[in-house]
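One file, input-v3.cif, carrying mmCIF, N, CA and C atoms:
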data_work
#
loop_
_atom_site.label_atom_id
_atom_site.label_comp_id
_atom_site.auth_asym_id
_atom_site.auth_seq_id
_atom_site.Cartn_x
_atom_site.Cartn_y
_atom_site.Cartn_z
N MET A 1 96.25 306.54 33.87
CA MET A 1 95.54 305.98 32.75
C MET A 1 96.10 306.57 31.45
N LEU A 2 96.18 305.76 30.43
CA LEU A 2 96.67 306.22 29.14
C LEU A 2 95.63 307.13 28.50
N LYS A 3 96.09 308.25 28.01
CA LYS A 3 95.17 309.22 27.42
C LYS A 3 94.95 308.99 25.94
N LYS A 4 95.98 308.56 25.24
CA LYS A 4 95.90 308.41 23.79
C LYS A 4 96.39 307.03 23.39
N SER A 5 95.89 306.55 22.31
CA SER A 5 96.36 305.30 21.74
C SER A 5 96.57 305.47 20.25
N VAL A 6 97.51 304.74 19.74
CA VAL A 6 97.77 304.74 18.30
C VAL A 6 97.35 303.38 17.78
N TYR A 7 96.53 303.37 16.76
CA TYR A 7 96.06 302.12 16.19
C TYR A 7 96.76 301.86 14.89
N PHE A 8 97.24 300.64 14.73
CA PHE A 8 97.88 300.21 13.50
C PHE A 8 96.94 299.23 12.81
N TYR A 9 96.79 299.39 11.52
CA TYR A 9 95.88 298.56 10.76
C TYR A 9 96.64 297.62 9.85
N ARG A 10 96.08 296.44 9.69
CA ARG A 10 96.63 295.48 8.74
C ARG A 10 95.73 295.51 7.51
N TYR A 11 96.31 295.79 6.38
CA TYR A 11 95.54 295.83 5.15
C TYR A 11 95.90 294.64 4.28
N SER A 12 94.90 294.01 3.78
CA SER A 12 95.10 292.88 2.90
C SER A 12 95.55 293.37 1.53
N LEU A 13 96.23 292.51 0.81
CA LEU A 13 96.66 292.86 -0.54
C LEU A 13 95.50 292.81 -1.53
N MET A 14 94.47 292.10 -1.15
CA MET A 14 93.31 291.99 -2.03
C MET A 14 92.41 293.22 -1.84
N ARG A 15 91.92 293.74 -2.90
CA ARG A 15 91.16 294.98 -2.86
C ARG A 15 89.86 294.86 -2.07
N ASN A 16 89.07 293.83 -2.27
CA ASN A 16 87.78 293.70 -1.61
C ASN A 16 87.79 292.67 -0.50
N SER A 17 88.89 292.53 0.15
CA SER A 17 89.04 291.55 1.21
C SER A 17 88.25 291.96 2.45
N PRO A 18 87.63 291.00 3.15
CA PRO A 18 86.92 291.33 4.38
C PRO A 18 87.87 291.75 5.51
N LEU A 19 89.17 291.52 5.33
CA LEU A 19 90.14 291.88 6.38
C LEU A 19 90.59 293.33 6.30
N THR A 20 90.20 294.04 5.26
CA THR A 20 90.64 295.41 5.07
C THR A 20 90.15 296.29 6.22
N GLY A 21 91.09 296.92 6.90
CA GLY A 21 90.74 297.87 7.95
C GLY A 21 90.54 297.27 9.33
N ILE A 22 90.87 296.01 9.53
CA ILE A 22 90.71 295.40 10.84
C ILE A 22 91.85 295.85 11.74
N LYS A 23 91.49 296.31 12.93
CA LYS A 23 92.53 296.71 13.88
C LYS A 23 93.21 295.47 14.42
N ASN A 24 94.53 295.51 14.50
CA ASN A 24 95.22 294.36 15.05
C ASN A 24 96.11 294.70 16.22
N ARG A 25 96.46 295.96 16.42
CA ARG A 25 97.30 296.31 17.55
C ARG A 25 96.94 297.70 18.06
N CYS A 26 97.16 297.90 19.33
CA CYS A 26 97.00 299.22 19.93
C CYS A 26 98.21 299.47 20.82
N TYR A 27 99.04 300.44 20.45
CA TYR A 27 100.21 300.78 21.24
C TYR A 27 99.98 302.12 21.91
N ALA A 28 100.38 302.20 23.14
CA ALA A 28 100.26 303.47 23.85
C ALA A 28 101.27 304.46 23.32
N GLN A 29 100.87 305.69 23.15
CA GLN A 29 101.81 306.72 22.75
C GLN A 29 102.70 307.04 23.94
N THR A 30 103.92 307.37 23.66
CA THR A 30 104.83 307.68 24.76
C THR A 30 104.94 309.18 25.00
N ALA A 31 104.71 309.98 24.02
CA ALA A 31 104.84 311.43 24.19
C ALA A 31 103.63 311.98 24.93
N ASP A 32 103.87 312.73 25.97
CA ASP A 32 102.82 313.38 26.76
C ASP A 32 101.82 312.40 27.34
N THR A 33 102.22 311.19 27.58
CA THR A 33 101.34 310.20 28.17
C THR A 33 101.82 309.90 29.57
N LYS A 34 100.91 309.95 30.52
CA LYS A 34 101.27 309.65 31.90
C LYS A 34 100.80 308.25 32.24
N ILE A 35 101.70 307.44 32.70
CA ILE A 35 101.38 306.08 33.08
C ILE A 35 101.32 306.06 34.60
N SER A 36 100.16 305.70 35.13
CA SER A 36 99.97 305.88 36.56
C SER A 36 100.12 304.60 37.39
N SER A 37 99.76 303.48 36.85
CA SER A 37 99.76 302.28 37.68
C SER A 37 100.90 301.33 37.31
N ASP A 38 101.23 300.48 38.27
CA ASP A 38 102.28 299.50 38.04
C ASP A 38 101.89 298.50 36.96
N SER A 39 100.60 298.19 36.86
CA SER A 39 100.18 297.23 35.84
C SER A 39 100.37 297.79 34.43
N GLU A 40 100.18 299.10 34.26
CA GLU A 40 100.41 299.71 32.95
C GLU A 40 101.89 299.72 32.61
N ILE A 41 102.73 299.95 33.61
CA ILE A 41 104.17 299.91 33.38
C ILE A 41 104.61 298.49 33.04
N ASP A 42 104.06 297.49 33.74
CA ASP A 42 104.39 296.10 33.45
C ASP A 42 103.93 295.71 32.04
N LEU A 43 102.76 296.19 31.66
CA LEU A 43 102.26 295.92 30.31
C LEU A 43 103.18 296.55 29.25
N MET A 44 103.60 297.77 29.50
CA MET A 44 104.52 298.43 28.57
C MET A 44 105.85 297.69 28.51
N ARG A 45 106.35 297.26 29.65
CA ARG A 45 107.61 296.53 29.70
C ARG A 45 107.50 295.21 28.92
N SER A 46 106.40 294.51 29.08
CA SER A 46 106.19 293.25 28.36
C SER A 46 106.12 293.47 26.86
N ARG A 47 105.44 294.54 26.45
CA ARG A 47 105.35 294.86 25.02
C ARG A 47 106.73 295.18 24.45
N LEU A 48 107.52 295.93 25.19
CA LEU A 48 108.85 296.31 24.71
C LEU A 48 109.79 295.10 24.64
N ILE A 49 109.66 294.18 25.59
CA ILE A 49 110.47 292.96 25.53
C ILE A 49 110.11 292.16 24.28
N TYR A 50 108.82 292.05 24.00
CA TYR A 50 108.38 291.33 22.80
C TYR A 50 108.90 292.03 21.53
N GLN A 51 108.75 293.36 21.48
CA GLN A 51 109.19 294.10 20.30
C GLN A 51 110.71 294.07 20.14
N SER A 52 111.42 293.92 21.24
CA SER A 52 112.87 293.80 21.16
C SER A 52 113.29 292.48 20.52
N ARG A 53 112.48 291.46 20.73
CA ARG A 53 112.80 290.14 20.17
C ARG A 53 112.42 290.02 18.71
N LYS A 54 111.42 290.73 18.28
CA LYS A 54 110.89 290.61 16.91
C LYS A 54 111.29 291.82 16.08
N ARG A 55 112.56 291.89 15.74
CA ARG A 55 113.08 292.99 14.94
C ARG A 55 113.14 292.58 13.48
N GLY A 56 113.48 293.50 12.61
CA GLY A 56 113.50 293.23 11.18
C GLY A 56 114.74 292.52 10.69
N ILE A 57 115.85 292.65 11.40
CA ILE A 57 117.08 292.00 10.97
C ILE A 57 117.66 291.23 12.16
N LEU A 58 118.38 290.16 11.87
CA LEU A 58 118.90 289.28 12.91
C LEU A 58 119.84 290.00 13.87
N GLU A 59 120.66 290.89 13.35
CA GLU A 59 121.61 291.60 14.20
C GLU A 59 120.88 292.37 15.30
N ASN A 60 119.80 293.06 14.93
CA ASN A 60 119.04 293.81 15.92
C ASN A 60 118.28 292.88 16.86
N CYS A 61 117.82 291.74 16.37
CA CYS A 61 117.17 290.77 17.25
C CYS A 61 118.12 290.37 18.38
N ILE A 62 119.35 290.09 18.04
CA ILE A 62 120.34 289.68 19.05
C ILE A 62 120.66 290.82 19.99
N ILE A 63 120.93 291.99 19.45
CA ILE A 63 121.31 293.14 20.27
C ILE A 63 120.17 293.54 21.21
N PHE A 64 118.99 293.75 20.66
CA PHE A 64 117.89 294.27 21.47
C PHE A 64 117.31 293.22 22.42
N THR A 65 117.35 291.94 22.05
CA THR A 65 116.88 290.90 22.96
C THR A 65 117.76 290.81 24.19
N THR A 66 119.06 290.78 23.99
CA THR A 66 119.97 290.68 25.14
C THR A 66 119.92 291.95 25.98
N PHE A 67 119.78 293.09 25.35
CA PHE A 67 119.66 294.35 26.07
C PHE A 67 118.37 294.37 26.90
N ALA A 68 117.27 293.98 26.29
CA ALA A 68 115.99 293.99 27.00
C ALA A 68 115.99 293.02 28.17
N ASP A 69 116.55 291.83 27.96
CA ASP A 69 116.61 290.85 29.04
C ASP A 69 117.44 291.34 30.22
N LYS A 70 118.45 292.11 29.93
CA LYS A 70 119.34 292.57 30.98
C LYS A 70 118.85 293.83 31.69
N TYR A 71 118.28 294.78 30.96
CA TYR A 71 118.02 296.10 31.52
C TYR A 71 116.55 296.49 31.70
N LEU A 72 115.64 295.99 30.90
CA LEU A 72 114.27 296.50 30.95
C LEU A 72 113.57 296.25 32.29
N LYS A 73 113.96 295.21 32.98
CA LYS A 73 113.35 294.93 34.27
C LYS A 73 113.64 296.00 35.31
N THR A 74 114.75 296.72 35.12
CA THR A 74 115.15 297.74 36.09
C THR A 74 114.80 299.16 35.66
N PHE A 75 114.31 299.34 34.43
CA PHE A 75 114.00 300.67 33.93
C PHE A 75 112.77 301.25 34.62
N ASN A 76 112.81 302.56 34.86
CA ASN A 76 111.62 303.25 35.36
C ASN A 76 110.77 303.67 34.16
N CYS A 77 109.68 304.35 34.44
CA CYS A 77 108.73 304.70 33.38
C CYS A 77 109.36 305.62 32.32
N GLU A 78 110.12 306.61 32.75
CA GLU A 78 110.75 307.53 31.81
C GLU A 78 111.75 306.81 30.91
N GLN A 79 112.53 305.91 31.47
CA GLN A 79 113.49 305.16 30.67
C GLN A 79 112.78 304.23 29.69
N LEU A 80 111.68 303.62 30.12
CA LEU A 80 110.90 302.76 29.21
C LEU A 80 110.35 303.57 28.05
N GLN A 81 109.91 304.78 28.32
CA GLN A 81 109.38 305.62 27.25
C GLN A 81 110.47 306.03 26.26
N LYS A 82 111.67 306.29 26.75
CA LYS A 82 112.78 306.62 25.85
C LYS A 82 113.15 305.41 24.99
N TYR A 83 113.16 304.23 25.59
CA TYR A 83 113.47 303.01 24.84
C TYR A 83 112.38 302.73 23.81
N ASP A 84 111.13 302.94 24.18
CA ASP A 84 110.01 302.77 23.27
C ASP A 84 110.14 303.71 22.08
N ALA A 85 110.46 304.96 22.34
CA ALA A 85 110.64 305.93 21.26
C ALA A 85 111.77 305.53 20.33
N LEU A 86 112.83 304.94 20.90
CA LEU A 86 113.97 304.52 20.10
C LEU A 86 113.62 303.36 19.17
N ILE A 87 113.06 302.29 19.72
CA ILE A 87 112.84 301.10 18.88
C ILE A 87 111.61 301.22 17.99
N ASN A 88 110.71 302.14 18.28
CA ASN A 88 109.52 302.33 17.45
C ASN A 88 109.57 303.65 16.69
N SER A 89 110.76 304.10 16.38
CA SER A 89 110.91 305.37 15.67
C SER A 89 110.65 305.19 14.18
N LYS A 90 110.68 306.29 13.48
CA LYS A 90 110.45 306.26 12.03
C LYS A 90 111.66 305.76 11.26
N PHE A 91 112.78 305.61 11.94
CA PHE A 91 114.01 305.18 11.28
C PHE A 91 114.01 303.67 11.09
N ASP A 92 114.74 303.21 10.08
CA ASP A 92 114.73 301.78 9.77
C ASP A 92 115.70 301.01 10.67
N GLU A 93 115.65 299.70 10.52
CA GLU A 93 116.45 298.81 11.36
C GLU A 93 117.95 299.00 11.17
N TRP A 94 118.37 299.34 9.96
CA TRP A 94 119.80 299.53 9.73
C TRP A 94 120.32 300.77 10.43
N ASP A 95 119.49 301.80 10.54
CA ASP A 95 119.88 302.98 11.31
C ASP A 95 120.04 302.63 12.78
N LEU A 96 119.08 301.88 13.32
CA LEU A 96 119.18 301.46 14.73
C LEU A 96 120.44 300.64 14.96
N TYR A 97 120.74 299.77 14.02
CA TYR A 97 121.95 298.95 14.14
C TYR A 97 123.21 299.82 14.12
N ALA A 98 123.26 300.77 13.20
CA ALA A 98 124.43 301.64 13.08
C ALA A 98 124.60 302.50 14.33
N TRP A 99 123.50 302.97 14.90
CA TRP A 99 123.60 303.76 16.13
C TRP A 99 124.08 302.90 17.29
N SER A 100 123.58 301.67 17.37
CA SER A 100 123.93 300.83 18.51
C SER A 100 125.39 300.37 18.48
N ILE A 101 125.95 300.18 17.29
CA ILE A 101 127.36 299.79 17.24
C ILE A 101 128.28 301.00 17.18
N GLY A 102 127.70 302.19 17.02
CA GLY A 102 128.48 303.42 17.03
C GLY A 102 129.10 303.81 15.72
N SER A 103 128.68 303.20 14.61
CA SER A 103 129.27 303.55 13.31
C SER A 103 128.62 304.77 12.68
N LYS A 104 127.49 305.20 13.22
CA LYS A 104 126.77 306.34 12.69
C LYS A 104 126.21 307.14 13.86
N PRO A 105 126.32 308.45 13.84
CA PRO A 105 125.78 309.24 14.96
C PRO A 105 124.25 309.24 14.94
N ALA A 106 123.68 309.16 16.12
CA ALA A 106 122.23 309.17 16.25
C ALA A 106 121.70 310.60 16.22
N PRO A 107 120.45 310.78 15.80
CA PRO A 107 119.85 312.12 15.86
C PRO A 107 119.79 312.61 17.31
N GLN A 108 119.69 313.90 17.48
CA GLN A 108 119.69 314.52 18.80
C GLN A 108 118.60 313.96 19.70
N GLU A 109 117.43 313.67 19.15
CA GLU A 109 116.30 313.18 19.95
C GLU A 109 116.57 311.82 20.58
N PHE A 110 117.47 311.03 20.01
CA PHE A 110 117.77 309.70 20.56
C PHE A 110 119.12 309.62 21.25
N ASP A 111 119.86 310.70 21.23
CA ASP A 111 121.18 310.70 21.87
C ASP A 111 120.98 310.95 23.36
N ASN A 112 120.62 309.89 24.09
CA ASN A 112 120.32 310.01 25.51
C ASN A 112 120.96 308.85 26.28
N ASP A 113 120.60 308.74 27.55
CA ASP A 113 121.20 307.72 28.40
C ASP A 113 120.87 306.29 27.96
N ILE A 114 119.73 306.09 27.34
CA ILE A 114 119.34 304.75 26.90
C ILE A 114 120.23 304.30 25.74
N LEU A 115 120.46 305.17 24.79
CA LEU A 115 121.32 304.81 23.66
C LEU A 115 122.76 304.61 24.12
N LYS A 116 123.21 305.41 25.07
CA LYS A 116 124.56 305.23 25.60
C LYS A 116 124.69 303.88 26.31
N LEU A 117 123.65 303.50 27.05
CA LEU A 117 123.64 302.20 27.71
C LEU A 117 123.62 301.07 26.69
N LEU A 118 122.86 301.25 25.60
CA LEU A 118 122.81 300.26 24.53
C LEU A 118 124.18 300.11 23.86
N LYS A 119 124.83 301.23 23.56
CA LYS A 119 126.16 301.17 22.95
C LYS A 119 127.16 300.47 23.87
N ASN A 120 127.09 300.78 25.14
CA ASN A 120 127.96 300.14 26.12
C ASN A 120 127.70 298.63 26.18
N HIS A 121 126.44 298.25 26.11
CA HIS A 121 126.05 296.84 26.11
C HIS A 121 126.62 296.11 24.89
N VAL A 122 126.56 296.75 23.73
CA VAL A 122 127.07 296.15 22.49
C VAL A 122 128.58 296.00 22.56
N GLN A 123 129.27 297.02 23.07
CA GLN A 123 130.73 296.96 23.14
C GLN A 123 131.20 295.90 24.11
N LYS A 124 130.47 295.69 25.20
CA LYS A 124 130.86 294.65 26.16
C LYS A 124 130.66 293.25 25.59
N ARG A 125 129.65 293.09 24.74
CA ARG A 125 129.36 291.76 24.17
C ARG A 125 130.27 291.41 23.01
N SER A 126 130.90 292.40 22.38
CA SER A 126 131.74 292.09 21.22
C SER A 126 133.18 291.84 21.58
#
In structure tokens, write the structure found in this file.
Amino acid sequence: MLKKSVYFYRYSLMRNSPLTGIKNRCYAQTADTKISSDSEIDLMRSRLIYQSRKRGILENCIIFTTFADKYLKTFNCEQLQKYDALINSKFDEWDLYAWSIGSKPAPQEFDNDILKLLKNHVQKRS
């Protein structure tokens, strides 16, 4: 069972809007979270596939969609958590793009087997 959840809020641009503070998403934290059942892993996999398709720039949409379609079905829980940490990190889309094509070195926390697999995927497609 997931122990912690992170809630993201959508705030309206209008000051006194009735939409201010409405919860719209709940993502499971990946750090120190134990996922016990297959249904939770499937839910996480489905969320990551969706998030891979809906990126901020077209280049990342293409890269991460093809990567997710090819590899996410075979990833175990630990690999899914590493991929989740990568695509939902504090870094912007251009950093992710630069890391995936290899033009910029990734921080130590993301320099793992998932990023190496992503770089290999990009090089094979180009």
Pairwise distance for atom CA of Trp99 of chain A and atom CA of Gln51 of chain A, rounded to one decimal in Å: 17.8 Å
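Atom N of Met44 of chain A to atom N of Leu80 of chain A spans 10.0 Å [interatomic distance, one decimal].
Take atom CA of Leu86 of chain A and atom CA of Leu115 of chain A: the distance between them is 8.2 Å.
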Members of segment 29-87 of chain A assigned alpha helix (DSSP H) by DSSP, as number ranges by chain: A: 38-53, 58-71, 77-87
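Closest approach to Gly56 of chain A from the set A:Trp94, A:Gln123, A:Lys116, A:Asp69 is made by A:Trp94, with distances taken over only N, CA and C atoms.
Using only N, CA and C atoms, the contacts of Thr65 of chain A at a cut-off of 8 Å, with sequence neighbours closer than 6 positions omitted, comprise Ile49, Gln51, Ser52, Arg53, Lys54, Arg55, Glu59 and Tyr71 of chain A.
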Polymer residues at most 12 Å from Pro105 of chain A, only C-alpha atoms, same-chain spacing of 4 or more positions, as a ChimeraX atom specification: /A:95-101,109-112,115-116,119
